[in-house]
Structure formats: C-alpha cells, structure tokens
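Structure data follow from my_file-v7.cif (mmCIF, C-alpha atoms and all ligand atoms):
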```
data_protein
#
loop_
_atom_site.label_atom_id
_atom_site.label_comp_id
_atom_site.auth_asym_id
_atom_site.auth_seq_id
_atom_site.Cartn_x
_atom_site.Cartn_y
_atom_site.Cartn_z
CA MET A 19 60.66 -52.52 47.94
CA ASP A 20 58.12 -55.22 47.15
CA HIS A 21 56.10 -52.74 45.13
CA LEU A 22 59.05 -52.27 42.78
CA LEU A 23 58.77 -55.94 41.87
CA SER A 24 54.98 -56.19 41.85
CA GLN A 25 53.33 -58.16 39.08
CA GLY A 26 49.87 -58.93 37.76
CA GLN A 27 46.97 -57.56 39.74
CA GLU A 28 49.23 -55.99 42.37
CA ARG A 29 51.05 -54.06 39.67
CA ASP A 30 47.76 -52.94 38.10
CA GLU A 31 46.55 -51.70 41.48
CA LEU A 32 49.80 -49.82 42.02
CA PHE A 33 49.40 -47.99 38.70
CA GLN A 34 45.70 -47.38 39.34
CA LYS A 35 46.46 -45.78 42.70
CA ALA A 36 49.16 -43.61 41.12
CA VAL A 37 46.79 -42.43 38.37
CA GLU A 38 44.06 -41.70 40.92
CA LEU A 39 46.46 -39.49 42.88
CA ARG A 40 47.68 -37.79 39.70
CA ASN A 41 44.09 -37.06 38.74
CA GLN A 42 43.34 -35.74 42.20
CA PHE A 43 45.96 -33.01 41.78
CA TYR A 44 46.17 -32.52 38.02
CA GLY A 45 43.06 -34.14 36.55
CA HIS A 46 43.57 -36.13 33.35
CA ARG A 47 45.52 -33.15 32.13
CA ILE A 48 49.02 -33.31 30.73
CA HIS A 49 51.29 -30.28 30.68
CA LEU A 50 53.85 -29.85 27.95
CA ARG A 51 57.41 -28.55 28.00
CA GLY A 52 59.00 -27.69 24.68
CA LEU A 53 62.50 -29.14 24.85
CA ILE A 54 65.28 -27.09 23.25
CA GLU A 55 68.62 -28.91 23.12
CA LEU A 56 70.84 -25.84 23.05
CA THR A 57 74.23 -27.46 22.62
CA ASN A 58 75.89 -30.86 22.79
CA HIS A 59 79.26 -29.37 23.76
CA CYS A 60 80.06 -30.82 27.15
CA ALA A 61 82.98 -30.53 29.54
CA ARG A 62 82.06 -33.73 31.38
CA ASN A 63 82.96 -37.33 30.68
CA CYS A 64 80.14 -39.30 32.30
CA TYR A 65 80.63 -42.97 31.43
CA TYR A 66 77.04 -43.47 30.29
CA CYS A 67 76.43 -40.41 28.15
CA GLY A 68 76.78 -40.22 24.38
CA ILE A 69 77.72 -36.53 24.28
CA ARG A 70 80.56 -36.94 26.80
CA HIS A 71 83.50 -34.68 26.07
CA ASP A 72 85.86 -37.40 24.82
CA ASN A 73 83.44 -38.91 22.31
CA GLN A 74 85.08 -37.95 19.03
CA GLY A 75 82.18 -39.34 17.03
CA VAL A 76 79.84 -36.46 17.88
CA ARG A 77 79.15 -33.57 15.50
CA ARG A 78 79.18 -30.70 17.99
CA TYR A 79 76.80 -27.77 17.59
CA PHE A 80 75.55 -24.72 19.41
CA LEU A 81 72.19 -23.30 18.33
CA THR A 82 72.28 -19.68 17.22
CA ASP A 83 70.19 -17.18 19.18
CA GLY A 84 67.93 -17.00 16.14
CA GLU A 85 67.37 -20.77 16.15
CA VAL A 86 66.52 -20.72 19.86
CA MET A 87 64.07 -17.88 19.41
CA GLN A 88 62.47 -19.65 16.44
CA ALA A 89 61.89 -22.67 18.65
CA VAL A 90 60.41 -20.39 21.30
CA GLU A 91 58.15 -18.84 18.65
CA PHE A 92 57.00 -22.36 17.72
CA ALA A 93 56.24 -23.03 21.39
CA ARG A 94 54.34 -19.76 21.72
CA LYS A 95 52.35 -20.35 18.55
CA HIS A 96 51.36 -23.83 19.72
CA HIS A 97 50.46 -22.62 23.23
CA LEU A 98 53.12 -24.59 25.06
CA GLY A 99 53.20 -22.97 28.49
CA SER A 100 56.86 -23.63 29.08
CA VAL A 101 60.20 -24.44 27.48
CA VAL A 102 63.22 -26.31 28.78
CA ILE A 103 66.69 -25.27 27.71
CA GLN A 104 68.90 -28.30 28.06
CA SER A 105 72.60 -28.46 27.26
CA GLY A 106 75.82 -30.27 27.83
CA GLU A 107 77.59 -28.97 30.91
CA MET A 108 79.71 -25.92 30.16
CA GLN A 109 81.38 -23.42 32.41
CA GLY A 110 82.81 -19.99 31.78
CA GLU A 111 81.54 -16.46 31.71
CA GLY A 112 80.58 -16.62 28.01
CA PHE A 113 78.24 -19.56 28.57
CA VAL A 114 76.75 -18.10 31.76
CA ARG A 115 76.03 -14.81 29.97
CA LYS A 116 74.59 -16.56 26.91
CA ILE A 117 72.08 -18.54 29.01
CA GLY A 118 71.15 -15.45 31.03
CA MET A 119 70.59 -13.46 27.85
CA LEU A 120 68.45 -16.20 26.26
CA VAL A 121 66.32 -16.55 29.40
CA LYS A 122 65.74 -12.79 29.55
CA GLU A 123 64.81 -12.66 25.89
CA ILE A 124 62.32 -15.55 26.20
CA VAL A 125 60.65 -13.94 29.21
CA ARG A 126 60.55 -10.56 27.44
CA ILE A 127 59.18 -11.83 24.15
CA THR A 128 56.49 -13.98 25.80
CA GLN A 129 55.73 -11.24 28.35
CA GLY A 130 56.32 -13.66 31.18
CA THR A 131 53.62 -16.06 30.01
CA MET A 132 56.09 -18.86 29.37
CA ALA A 133 57.92 -20.62 32.20
CA VAL A 134 61.60 -21.17 31.46
CA THR A 135 63.28 -24.29 32.83
CA LEU A 136 67.02 -24.81 32.67
CA SER A 137 68.86 -28.11 32.60
CA CYS A 138 72.51 -27.16 32.21
CA GLY A 139 74.22 -29.26 34.83
CA GLU A 140 76.32 -28.43 37.86
CA GLN A 141 77.09 -24.73 38.21
CA THR A 142 78.17 -22.42 41.01
CA GLU A 143 75.58 -20.98 43.35
CA ASP A 144 76.31 -17.57 41.87
CA THR A 145 75.57 -18.81 38.34
CA TYR A 146 72.31 -20.41 39.43
CA ARG A 147 71.36 -17.11 41.07
CA ARG A 148 72.20 -15.07 37.97
CA TRP A 149 70.02 -17.31 35.79
CA TYR A 150 67.20 -17.14 38.33
CA ASP A 151 67.44 -13.36 38.39
CA ALA A 152 67.32 -13.41 34.58
CA GLY A 153 63.91 -15.10 34.83
CA ALA A 154 64.43 -18.87 34.89
CA SER A 155 62.04 -20.35 37.43
CA ARG A 156 62.75 -24.07 37.24
CA TYR A 157 65.88 -26.20 37.14
CA LEU A 158 66.39 -29.88 36.41
CA LEU A 159 69.45 -31.67 37.78
CA ARG A 160 69.25 -35.40 38.10
CA ILE A 161 71.20 -36.97 40.93
CA GLU A 162 71.45 -39.99 38.54
CA THR A 163 71.64 -42.37 41.52
CA ALA A 164 71.31 -41.79 45.25
CA ASN A 165 74.02 -44.38 45.88
CA PRO A 166 77.35 -42.50 46.12
CA ASP A 167 79.35 -45.68 45.38
CA LEU A 168 77.39 -46.40 42.22
CA TYR A 169 77.72 -42.72 41.28
CA THR A 170 81.51 -43.06 41.60
CA ARG A 171 81.49 -46.15 39.38
CA ILE A 172 79.65 -44.44 36.52
CA HIS A 173 81.75 -41.26 36.56
CA PRO A 174 85.45 -40.45 36.24
CA ALA A 175 87.50 -39.87 39.39
CA GLY A 176 86.80 -36.58 41.12
CA TYR A 177 83.10 -36.30 40.22
CA ASP A 178 81.64 -35.57 43.62
CA TRP A 179 78.18 -36.93 44.46
CA ARG A 180 78.03 -34.65 47.52
CA TYR A 181 78.69 -31.56 45.42
CA ARG A 182 75.81 -32.53 43.15
CA VAL A 183 73.54 -32.78 46.19
CA GLU A 184 74.84 -29.38 47.29
CA CYS A 185 73.88 -27.98 43.88
CA LEU A 186 70.34 -29.26 44.42
CA HIS A 187 70.20 -27.51 47.79
CA HIS A 188 71.48 -24.28 46.24
CA LEU A 189 68.76 -24.45 43.59
CA LYS A 190 66.07 -24.92 46.21
CA GLN A 191 67.39 -22.15 48.42
CA ILE A 192 67.49 -19.70 45.52
CA GLY A 193 63.84 -20.41 44.86
CA TYR A 194 63.77 -22.57 41.75
CA GLU A 195 61.11 -25.20 41.28
CA THR A 196 63.66 -27.97 41.51
CA GLY A 197 63.59 -31.21 39.59
CA SER A 198 65.72 -34.29 40.00
CA GLY A 199 65.66 -37.95 39.17
CA VAL A 200 67.61 -41.08 38.44
CA MET A 201 68.40 -43.62 35.75
CA ILE A 202 67.00 -47.12 36.09
CA GLY A 203 68.91 -50.25 35.17
CA LEU A 204 72.48 -48.99 35.45
CA PRO A 205 75.13 -51.72 35.55
CA GLY A 206 75.36 -53.03 39.10
CA GLN A 207 72.27 -51.14 40.33
CA THR A 208 70.06 -53.13 42.69
CA VAL A 209 66.37 -52.88 43.50
CA GLU A 210 67.44 -51.76 46.96
CA ASP A 211 69.30 -48.86 45.32
CA LEU A 212 66.06 -47.89 43.58
CA ALA A 213 64.15 -47.91 46.86
CA HIS A 214 66.80 -45.58 48.29
CA ASP A 215 66.50 -43.36 45.22
CA LEU A 216 62.82 -42.86 45.99
CA LEU A 217 63.57 -41.97 49.60
CA PHE A 218 66.30 -39.59 48.49
CA LEU A 219 63.90 -37.73 46.18
CA LYS A 220 61.27 -37.63 48.89
CA ASN A 221 63.74 -36.31 51.49
CA LEU A 222 65.05 -33.71 49.08
CA ASP A 223 61.42 -32.64 48.67
CA ILE A 224 61.69 -32.18 44.90
CA ASP A 225 59.03 -30.32 42.92
CA MET A 226 59.56 -32.26 39.69
CA GLY A 227 60.70 -35.81 38.98
CA GLY A 228 62.38 -37.21 35.88
CA ILE A 229 62.99 -40.94 35.97
CA GLY A 230 64.07 -42.86 32.91
CA PRO A 231 65.71 -46.15 31.98
CA TYR A 232 69.45 -46.27 31.38
CA VAL A 233 69.93 -46.94 27.68
CA GLU A 234 73.33 -48.01 26.44
CA HIS A 235 75.33 -45.96 23.93
CA ALA A 236 77.94 -47.77 21.86
CA GLN A 237 80.52 -44.97 22.10
CA THR A 238 80.66 -44.84 25.89
CA PRO A 239 82.72 -46.75 28.49
CA LEU A 240 79.61 -48.29 30.15
CA PHE A 241 78.82 -50.07 26.89
CA ALA A 242 81.36 -52.70 27.96
CA TYR A 243 78.84 -53.81 30.61
CA ARG A 244 75.94 -54.27 28.18
CA ASP A 245 75.79 -58.03 28.71
CA THR A 246 75.24 -57.56 32.45
CA LEU A 247 72.19 -55.31 32.08
CA ARG A 248 68.56 -56.10 32.79
CA SER A 249 66.61 -56.53 29.55
CA PRO A 250 65.02 -53.38 28.05
CA LYS A 251 61.61 -54.74 29.03
CA GLU A 252 62.70 -55.18 32.65
CA ARG A 253 64.20 -51.69 32.73
CA MET A 254 60.97 -50.30 31.38
CA GLU A 255 58.89 -52.19 33.94
CA LEU A 256 61.10 -51.02 36.80
CA THR A 257 60.93 -47.45 35.54
CA LEU A 258 57.13 -47.54 35.39
CA ARG A 259 56.92 -48.89 38.93
CA MET A 260 59.37 -46.21 40.10
CA ILE A 261 57.16 -43.53 38.51
CA ALA A 262 54.06 -44.97 40.18
CA MET A 263 55.81 -45.18 43.56
CA LEU A 264 57.12 -41.63 43.26
CA ARG A 265 53.57 -40.45 42.52
CA ILE A 266 52.30 -42.27 45.61
CA LEU A 267 55.10 -40.87 47.80
CA MET A 268 54.82 -37.35 46.38
CA PRO A 269 51.34 -37.07 44.88
CA ASP A 270 51.41 -33.36 43.98
CA ILE A 271 54.74 -33.11 42.11
CA ASN A 272 55.16 -32.93 38.36
CA ILE A 273 56.47 -36.21 36.91
CA ALA A 274 57.71 -36.51 33.34
CA ALA A 275 57.05 -39.37 30.96
CA THR A 276 60.66 -39.35 29.80
CA THR A 277 61.89 -39.78 26.25
CA ALA A 278 64.31 -42.57 27.19
CA LEU A 279 61.27 -44.76 27.95
CA GLN A 280 60.38 -44.51 24.31
CA ALA A 281 63.83 -45.83 23.39
CA VAL A 282 63.16 -49.10 25.21
CA SER A 283 59.55 -49.48 24.09
CA GLY A 284 57.37 -47.83 21.47
CA GLU A 285 54.62 -47.56 24.08
CA GLY A 286 56.96 -46.29 26.80
CA ARG A 287 55.64 -42.81 27.32
CA ILE A 288 51.98 -43.82 27.11
CA ALA A 289 52.67 -46.45 29.75
CA ALA A 290 54.31 -43.78 31.94
CA LEU A 291 51.14 -41.65 31.75
CA GLN A 292 49.21 -44.75 32.77
CA ALA A 293 51.56 -45.15 35.74
CA GLY A 294 51.00 -41.61 37.07
CA ALA A 295 53.18 -39.24 35.02
CA ASN A 296 51.66 -35.88 34.01
CA ILE A 297 54.31 -34.17 31.87
CA LEU A 298 55.37 -34.68 28.25
CA MET A 299 58.25 -32.93 26.58
CA PRO A 300 57.91 -32.51 22.81
CA ASN A 301 61.32 -31.93 21.31
CA ILE A 302 61.29 -28.57 19.49
CA THR A 303 65.01 -28.45 18.68
CA PRO A 304 65.51 -27.73 14.96
CA LYS A 305 65.41 -31.09 13.19
CA TYR A 306 68.87 -30.69 11.70
CA TYR A 307 70.51 -31.00 15.13
CA ARG A 308 68.33 -33.73 16.66
CA ASP A 309 70.57 -36.62 15.85
CA ALA A 310 73.65 -34.91 17.27
CA TYR A 311 72.09 -34.65 20.74
CA ARG A 312 72.22 -38.37 21.24
CA LEU A 313 72.67 -39.23 24.91
CA TYR A 314 71.86 -42.90 24.23
CA ASP A 315 71.24 -45.17 21.24
CA ASN A 316 67.79 -45.55 19.66
CA LYS A 317 66.86 -42.02 20.74
CA PRO A 318 63.37 -41.66 19.27
CA GLY A 319 62.21 -38.77 17.14
CA THR A 320 65.56 -37.74 15.71
CA ASP A 321 64.00 -37.60 12.26
CA GLN A 322 60.90 -35.73 13.45
CA SER A 323 60.17 -32.06 12.94
CA ALA A 324 58.81 -30.07 15.89
CA ASP A 325 55.34 -30.36 14.31
CA ASP A 326 55.63 -34.16 14.08
CA SER A 327 56.92 -34.33 17.63
CA LEU A 328 53.92 -32.40 18.89
CA LEU A 329 51.48 -34.52 16.89
CA ALA A 330 53.03 -37.71 18.27
CA ILE A 331 52.62 -36.38 21.79
CA GLU A 332 48.98 -35.45 21.26
CA LYS A 333 48.35 -39.03 20.16
CA MET A 334 50.11 -40.41 23.23
CA ALA A 335 48.06 -38.28 25.59
CA ALA A 336 44.83 -39.31 23.87
CA LEU A 337 45.75 -43.01 23.99
CA ALA A 338 46.37 -42.67 27.73
CA GLY A 339 42.95 -41.06 28.17
CA CYS A 340 44.39 -37.62 28.92
CA THR A 341 43.97 -34.17 27.45
CA ILE A 342 46.65 -31.56 26.97
CA ALA A 343 46.48 -28.39 29.03
CA TYR A 344 47.55 -25.92 26.38
CA GLY A 345 48.49 -22.40 27.36
CA GLU A 346 49.25 -23.19 31.00
CA LYS A 347 52.66 -23.03 32.63
CA GLY A 348 51.92 -26.20 34.59
CA ASN A 349 53.56 -25.18 37.85
CA SER A 350 54.27 -27.90 40.37
CA ARG A 351 51.36 -28.14 42.78
CA HIS A 352 53.80 -29.41 45.33
CA ARG A 353 55.56 -26.09 45.20
CA SER A 354 52.43 -24.01 45.63
CA ASN A 355 51.08 -26.33 48.32
CA ARG A 356 54.36 -26.09 50.22
CA ASN A 357 54.33 -22.31 49.99
CA THR A 358 50.76 -22.20 51.25
CA ILE A 359 51.68 -24.37 54.19
CA ASN A 360 54.68 -22.15 54.91
CA GLY A 361 52.49 -19.05 54.65
CA LEU A 362 54.49 -17.58 51.79
CA SER A 363 53.02 -15.15 49.30
CA ASN A 364 52.85 -17.57 46.41
CA SER A 365 49.48 -18.84 47.58
CA ALA A 366 47.34 -17.29 44.86
CA SER A 367 47.79 -20.12 42.40
CA ALA A 368 47.33 -22.71 45.14
CA ALA A 369 44.10 -21.11 46.28
CA THR A 370 42.58 -20.85 42.84
CA GLY A 371 44.10 -24.07 41.62
CA SER A 372 45.20 -22.26 38.50
CA CYS A 373 48.25 -23.42 36.61
N1 LIG B 1 70.63 -43.46 29.14
C1 LIG B 1 69.59 -42.85 29.74
N2 LIG B 1 69.65 -41.58 30.18
C2 LIG B 1 70.80 -40.91 29.99
N3 LIG B 1 71.17 -39.66 30.34
C3 LIG B 1 72.42 -39.46 29.93
N4 LIG B 1 72.89 -40.55 29.33
C4 LIG B 1 71.92 -41.49 29.37
C5 LIG B 1 71.81 -42.83 28.93
N5 LIG B 1 72.82 -43.47 28.34
C6 LIG B 1 70.29 -38.80 31.13
C7 LIG B 1 70.96 -38.42 32.45
C8 LIG B 1 71.05 -36.91 32.38
C9 LIG B 1 69.95 -36.57 31.40
C10 LIG B 1 70.09 -35.24 30.74
O1 LIG B 1 70.02 -37.61 30.46
O2 LIG B 1 70.11 -38.81 33.52
O3 LIG B 1 70.89 -36.28 33.61
#
```
For the structure just supplied, provide its representation as structure tokens.
Ligand code: 5AD
Amino acid sequence: MDHLLSQGQERDELFQKAVELRNQFYGHRIHLRGLIELTNHCARNCYYCGIRHDNQGVRRYFLTDGEVMQAVEFARKHHLGSVVIQSGEMQGEGFVRKIGMLVKEIVRITQGTMAVTLSCGEQTEDTYRRWYDAGASRYLLRIETANPDLYTRIHPAGYDWRYRVECLHHLKQIGYETGSGVMIGLPGQTVEDLAHDLLFLKNLDIDMGGIGPYVEHAQTPLFAYRDTLRSPKERMELTLRMIAMLRILMPDINIAATTALQAVSGEGRIAALQAGANILMPNITPKYYRDAYRLYDNKPGTDQSADDSLLAIEKMAALAGCTIAYGEKGNSRHRSNRNTINGLSNSASAATGSC
C-alpha cells in the first residue's frame, strides 16, 4: 500500500520499474485502439455516469451502420490494428443482433486483420457467446471497484457486484481477452480499497487493464459529494501509481492510458505512458456525436475530428519516448503467455513474439 503513496525518488523508481517491465514485453511501442462510441442510450442509472438513463439533459443518439463502417474505414486506412465498440448498456434481441451484425461486418471487411473489442456492459452468457462467435475477441468490463460496499453506494439498489464478477468469469470462460479496471478517487474510496482493487485484478488474471480517475459530472447524483473528493491532482497521482503497480504485478498485460486522465490533467495520458501504460485509444466516433457521449465533465477531445484525435495521440507517444505500432492487433502478451504455459494451440504468436 505504501507504493500507492510514494513520493519523490521512490515514486520515480516505481515508474521507472514499471516502464522497464513494459519495455521488456512490449518495447517502447504503443498499440492503438480506435474507439467508436456506438450509442449513449443506456438502461442503467449508475450514480457517477453522465449518460445514465435518467439524465434528461443528454441528446441521445445511435450511430447508423454506415457511420460505424466509415469509422472502421478510417481505422483501416490509418492502420489501426483494432477497434473498440463501446456503448451504453442495452438489452434486447434487437441490440444483441445489431452488435453481432456489426462485428461480423468489421471482421469481413477487414478480412480478419482488425481485432474487435466490445465494451457494452453486463450481458447474459449467451449474448457474450453470440458476440464472440460473430468475431469479437476482446471484451472490456470494469468492475469499477473491488469493494462490494462501495459498489453498492455508487449504484442504485439491486445492482449486484457479484453478478458483475460472474460476467467477467463468463467472458474469460468463453475465450475473450478480458479487460477490467476501476475508477480512482470515488467518494469514500480509501487507499486500502485501491490496494484491494489491484489484488482483485491480479486474482481475476485479466488480460487488459483500464484504470482512470473518477471525474465528477454535474448532472449525476454523485456530484453532491464533490466537496469530499481528493483534488484532481491527487486523483491523477493515485491513478498513475495504480497503473505502475498494476504493471509490476502483471507485467505482460495491456494497460490503457485512459482518456479520463486527460480530463484531470493536460499531460495525463503522457504521464500514464511514463508510468507503464502501453495502449492509447484515439476516439474515431464521428465528431458530431462526441459531445453527447459525455460520461464525465471536461471530457477532452469532444471538438476534435478523428484525424485530430490521431495526431494528438501521435504527439503524446512521441513525448513519452514511444513509437506507435501501426498495423498490429496488439494482442495481450499475458494471454498468449498463459496459453503457452497451458499448452494451448495459441502459442504461435507467443513463440514468434508477433502482435
Ligand atoms: N468518471 C470517470 N470514469 C467514468 N466512467 C463512467 N463515468 C465516469 C466518471 N464520472 C467509466 C466507468 C465505465 C467506463 C465506460 O467509463 O468506469 O466502466
């Protein structure tokens, strides 16, 4: 736990160690995921999230198939090896079919050269399986916090922390590269909670980590607690140390420099790369919709086109002394290493070290 509060030289050494380990597995190379924010319609009412169902102030949208495929074409043209389809949480056969159809189309049109990640919330095991069979190979579902009591406090009654954990197990069993993570600086969250978060992610044996600061949103219930929060700078510092610690605990996983970091500091994502992260996610959602997918206030890049977003990311990588690995899917080494250890067939990429 001490490392999460480290300062000065100790902090520098922590980050140095994390970067060394990152470089051991991934070199100074950053992999990109083109982020497509498919829809801000959401059935949930999470107390922290700006696109929660009951927020009347949101202009709701759903990208057309054409808009999604245009974004995919942008990703293909710019040699992004993977895209993430992220959405509010929706249920129902129509939504399940729509996602399955989009995944199939992306795989078909890119001839399987582009990895498709989904981040569409809690779904049934059957739905996860259908999307996997359609060609999605990765899934992101943050646990948000490994403390069930804190989870209860930041969600309406009936939102079941254990079911969310079950979802993560389903995803792993089906065969997805599975990503999870937490928010840092939630009201009432302690440093001890954060230490448990790290152990939770380690025990779950995730392939990808996404850790970002909690950022308040004025049209959400948690905004009432804004005066009790750690300062943005403190949240950023804690997030960076969490990233570094996660890298040290799980050196071969993919770790994102998350966009929320940029909302608390202009240098946030560069700092994350300097603390051991190896993934950046340029937003390639059509510009017109960017502002409507506002999970938290000060979301950066809402006025940027996909081209601008990519340029900004290239600059960040360069400033952190990294290069971008264009044209590679950027699979989690953790996944291929685990499969090699278990003697599974997926050992080709592990053996050659190819991405
Ligand atoms: N601040 C930071 N992150 C947020 N998310 C949702 N709302 C906020 C917020 N106010 C994160 C959650 C979710 C992911 C898609 O966005 O961790 O899993």
Review point. Neighbours of ligand LIG 1 (chain B) within 8 Å, counting all atoms listed in the file, as JSON, numbers by chain?
Key: {"A": [64, 66, 67, 68, 104, 137, 139, 159, 160, 161, 162, 199, 200, 201, 229, 230, 231, 232, 233, 234, 235, 278, 313, 314, 315]}
The selected residues should be written to file as a PDB file, in the coordinates of the input (atoms: C-alpha atoms).
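Saved file selection-v2.pdb follows:
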```pdb
ATOM      1  CA  CYS A  64      80.140 -39.300  32.300  1.00  0.00           C
ATOM      2  CA  TYR A  66      77.040 -43.470  30.290  1.00  0.00           C
ATOM      3  CA  CYS A  67      76.430 -40.410  28.150  1.00  0.00           C
ATOM      4  CA  GLY A  68      76.780 -40.220  24.380  1.00  0.00           C
ATOM      5  CA  GLN A 104      68.900 -28.300  28.060  1.00  0.00           C
ATOM      6  CA  SER A 137      68.860 -28.110  32.600  1.00  0.00           C
ATOM      7  CA  GLY A 139      74.220 -29.260  34.830  1.00  0.00           C
ATOM      8  CA  LEU A 159      69.450 -31.670  37.780  1.00  0.00           C
ATOM      9  CA  ARG A 160      69.250 -35.400  38.100  1.00  0.00           C
ATOM     10  CA  ILE A 161      71.200 -36.970  40.930  1.00  0.00           C
ATOM     11  CA  GLU A 162      71.450 -39.990  38.540  1.00  0.00           C
ATOM     12  CA  GLY A 199      65.660 -37.950  39.170  1.00  0.00           C
ATOM     13  CA  VAL A 200      67.610 -41.080  38.440  1.00  0.00           C
ATOM     14  CA  MET A 201      68.400 -43.620  35.750  1.00  0.00           C
ATOM     15  CA  ILE A 229      62.990 -40.940  35.970  1.00  0.00           C
ATOM     16  CA  GLY A 230      64.070 -42.860  32.910  1.00  0.00           C
ATOM     17  CA  PRO A 231      65.710 -46.150  31.980  1.00  0.00           C
ATOM     18  CA  TYR A 232      69.450 -46.270  31.380  1.00  0.00           C
ATOM     19  CA  VAL A 233      69.930 -46.940  27.680  1.00  0.00           C
ATOM     20  CA  GLU A 234      73.330 -48.010  26.440  1.00  0.00           C
ATOM     21  CA  HIS A 235      75.330 -45.960  23.930  1.00  0.00           C
ATOM     22  CA  ALA A 278      64.310 -42.570  27.190  1.00  0.00           C
ATOM     23  CA  LEU A 313      72.670 -39.230  24.910  1.00  0.00           C
ATOM     24  CA  TYR A 314      71.860 -42.900  24.230  1.00  0.00           C
ATOM     25  CA  ASP A 315      71.240 -45.170  21.240  1.00  0.00           C
TER      26      ASP A 315
END
```
Review point. Smallest atom-to-atom distance to Leu258 (chain A): which of A:Leu32, A:Met334, A:Cys138, A:Leu217, using only C-alpha atoms?
Key: A:Leu32
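Closest to Leu222 (chain A) among A:Gly339, A:Gly197, A:Gly286, A:Gly153 is A:Gly197, based on all atoms listed in the file.
In terms of minimum interatomic distance to Ala295 (chain A), A:Thr257 ranks closest within A:Asn165, A:Thr257, A:Asn316, A:Asn360, counting all atoms listed in the file.
Around Gln109 (chain A), within 10 Å and counting all atoms listed in the file, the residues found are A:Cys60, A:Ala61, A:Val114, A:Cys138, A:Gly139, A:Glu140, A:Gln141, A:Thr142, A:Thr145, once anything fewer than 5 positions away on its own chain is removed.
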Axis-aligned box over every listed atom of region 113-127 of chain A, padded by 3 Å per side: centre and edges in Å to one decimal, as AutoDock Vina command-line options?
```
--center_x 68.7 --center_y -15.1 --center_z 28.0 --size_x 25.1 --size_y 15.0 --size_z 13.6
```
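Separating CA of Thr246 (chain A) from CA of Gly206 (chain A) is a distance of 8.0 Å.
Each of A:Leu247, A:Met263, A:Ala154, A:Val125 was compared to Ala36 (chain A) using all atoms listed in the file, and A:Met263 turns out to be the nearest.
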Review point. Counting all atoms listed in the file, what is within 8 Å of Ile288 (chain A), bar same-chain residues fewer than 3 positions away, as a list in words?
Key: Ala275, Glu285, Leu291, Gln292, Met334, Ala335, Leu337 and Ala338 of chain A
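Distances from A:Met119, A:Ile331, A:Cys185, A:Leu53 to Phe92 (chain A) were compared using only C-alpha atoms, and the smallest one belongs to A:Leu53.
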Exercise for review: Give the answer as one residue: which of A:Leu204, A:Arg171, A:Asn221, A:Leu279 has the shortest atom-to-atom distance to Arg244 (chain A), using all atoms listed in the file?
Suggested key: A:Leu204
Check your understanding: What is the CA of Glu195 (chain A)-CA of Asp225 (chain A) distance in Å, reported with one decimal?
Key -> 5.8 Å
Practice item. Please identify all polymer residues lying at most 10 Å from the point (54.1, -32.2, 30.7) (file coordinates), using all atoms listed in the file, and present the result as a count of residues only. Key: 27
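Note that the spacing between CA of Phe241 (chain A) and CA of Gly227 (chain A) amounts to 26.0 Å.
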Select from region 103-190 of chain A every residue with an atom at most 12 Å from any atom of region 79-82 of chain A, then for each give the shortest pair of atoms and their distance in Å to one decimal, using all atoms listed in the file, rows by chain and rising number, as CSV.
```
residue,atom,partner,partner_atom,distance
A:Ile103,CA,A:Leu81,CA,11.1
A:Gln104,CA,A:Leu81,CA,11.4
A:Ser105,CA,A:Phe80,CA,9.2
A:Gly106,CA,A:Phe80,CA,10.1
A:Met108,CA,A:Phe80,CA,11.6
A:Phe113,CA,A:Phe80,CA,10.9
A:Lys116,CA,A:Thr82,CA,10.4
A:Ile117,CA,A:Leu81,CA,11.7
A:Leu120,CA,A:Thr82,CA,10.4
```
Would you fill the gaps in region 287-291 of chain A so it has all heavy atoms, then print it as a PDB file, in the frame of the given file?
```
ATOM      1  N   ARG A 287      56.143 -44.026  26.673  1.00  0.00           N
ATOM      2  CA  ARG A 287      55.640 -42.810  27.320  1.00  0.00           C
ATOM      3  C   ARG A 287      54.153 -42.900  27.645  1.00  0.00           C
ATOM      4  O   ARG A 287      53.700 -42.349  28.635  1.00  0.00           O
ATOM      5  CB  ARG A 287      55.963 -41.579  26.466  1.00  0.00           C
ATOM      6  CG  ARG A 287      57.380 -41.088  26.743  1.00  0.00           C
ATOM      7  CD  ARG A 287      57.715 -39.831  26.008  1.00  0.00           C
ATOM      8  NE  ARG A 287      57.909 -40.065  24.592  1.00  0.00           N
ATOM      9  CZ  ARG A 287      58.256 -39.111  23.723  1.00  0.00           C
ATOM     10  NH1 ARG A 287      58.409 -37.867  24.121  1.00  0.00           N
ATOM     11  NH2 ARG A 287      58.450 -39.399  22.451  1.00  0.00           N
ATOM     12  N   ILE A 288      53.406 -43.620  26.805  1.00  0.00           N
ATOM     13  CA  ILE A 288      51.980 -43.820  27.110  1.00  0.00           C
ATOM     14  C   ILE A 288      51.876 -44.601  28.426  1.00  0.00           C
ATOM     15  O   ILE A 288      51.097 -44.260  29.322  1.00  0.00           O
ATOM     16  CB  ILE A 288      51.273 -44.599  25.987  1.00  0.00           C
ATOM     17  CG1 ILE A 288      51.340 -43.816  24.686  1.00  0.00           C
ATOM     18  CG2 ILE A 288      49.822 -44.910  26.358  1.00  0.00           C
ATOM     19  CD1 ILE A 288      50.864 -44.572  23.476  1.00  0.00           C
ATOM     20  N   ALA A 289      52.696 -45.638  28.531  1.00  0.00           N
ATOM     21  CA  ALA A 289      52.670 -46.450  29.750  1.00  0.00           C
ATOM     22  C   ALA A 289      53.018 -45.604  30.971  1.00  0.00           C
ATOM     23  O   ALA A 289      52.451 -45.799  32.051  1.00  0.00           O
ATOM     24  CB  ALA A 289      53.654 -47.620  29.605  1.00  0.00           C
ATOM     25  N   ALA A 290      53.938 -44.642  30.809  1.00  0.00           N
ATOM     26  CA  ALA A 290      54.310 -43.780  31.940  1.00  0.00           C
ATOM     27  C   ALA A 290      53.118 -42.922  32.373  1.00  0.00           C
ATOM     28  O   ALA A 290      52.891 -42.721  33.569  1.00  0.00           O
ATOM     29  CB  ALA A 290      55.495 -42.896  31.577  1.00  0.00           C
ATOM     30  N   LEU A 291      52.343 -42.436  31.392  1.00  0.00           N
ATOM     31  CA  LEU A 291      51.140 -41.650  31.750  1.00  0.00           C
ATOM     32  C   LEU A 291      50.156 -42.541  32.499  1.00  0.00           C
ATOM     33  O   LEU A 291      49.462 -42.091  33.416  1.00  0.00           O
ATOM     34  CB  LEU A 291      50.475 -41.073  30.490  1.00  0.00           C
ATOM     35  CG  LEU A 291      51.298 -40.089  29.659  1.00  0.00           C
ATOM     36  CD1 LEU A 291      50.503 -39.620  28.447  1.00  0.00           C
ATOM     37  CD2 LEU A 291      51.739 -38.884  30.485  1.00  0.00           C
TER      38      LEU A 291
END
```
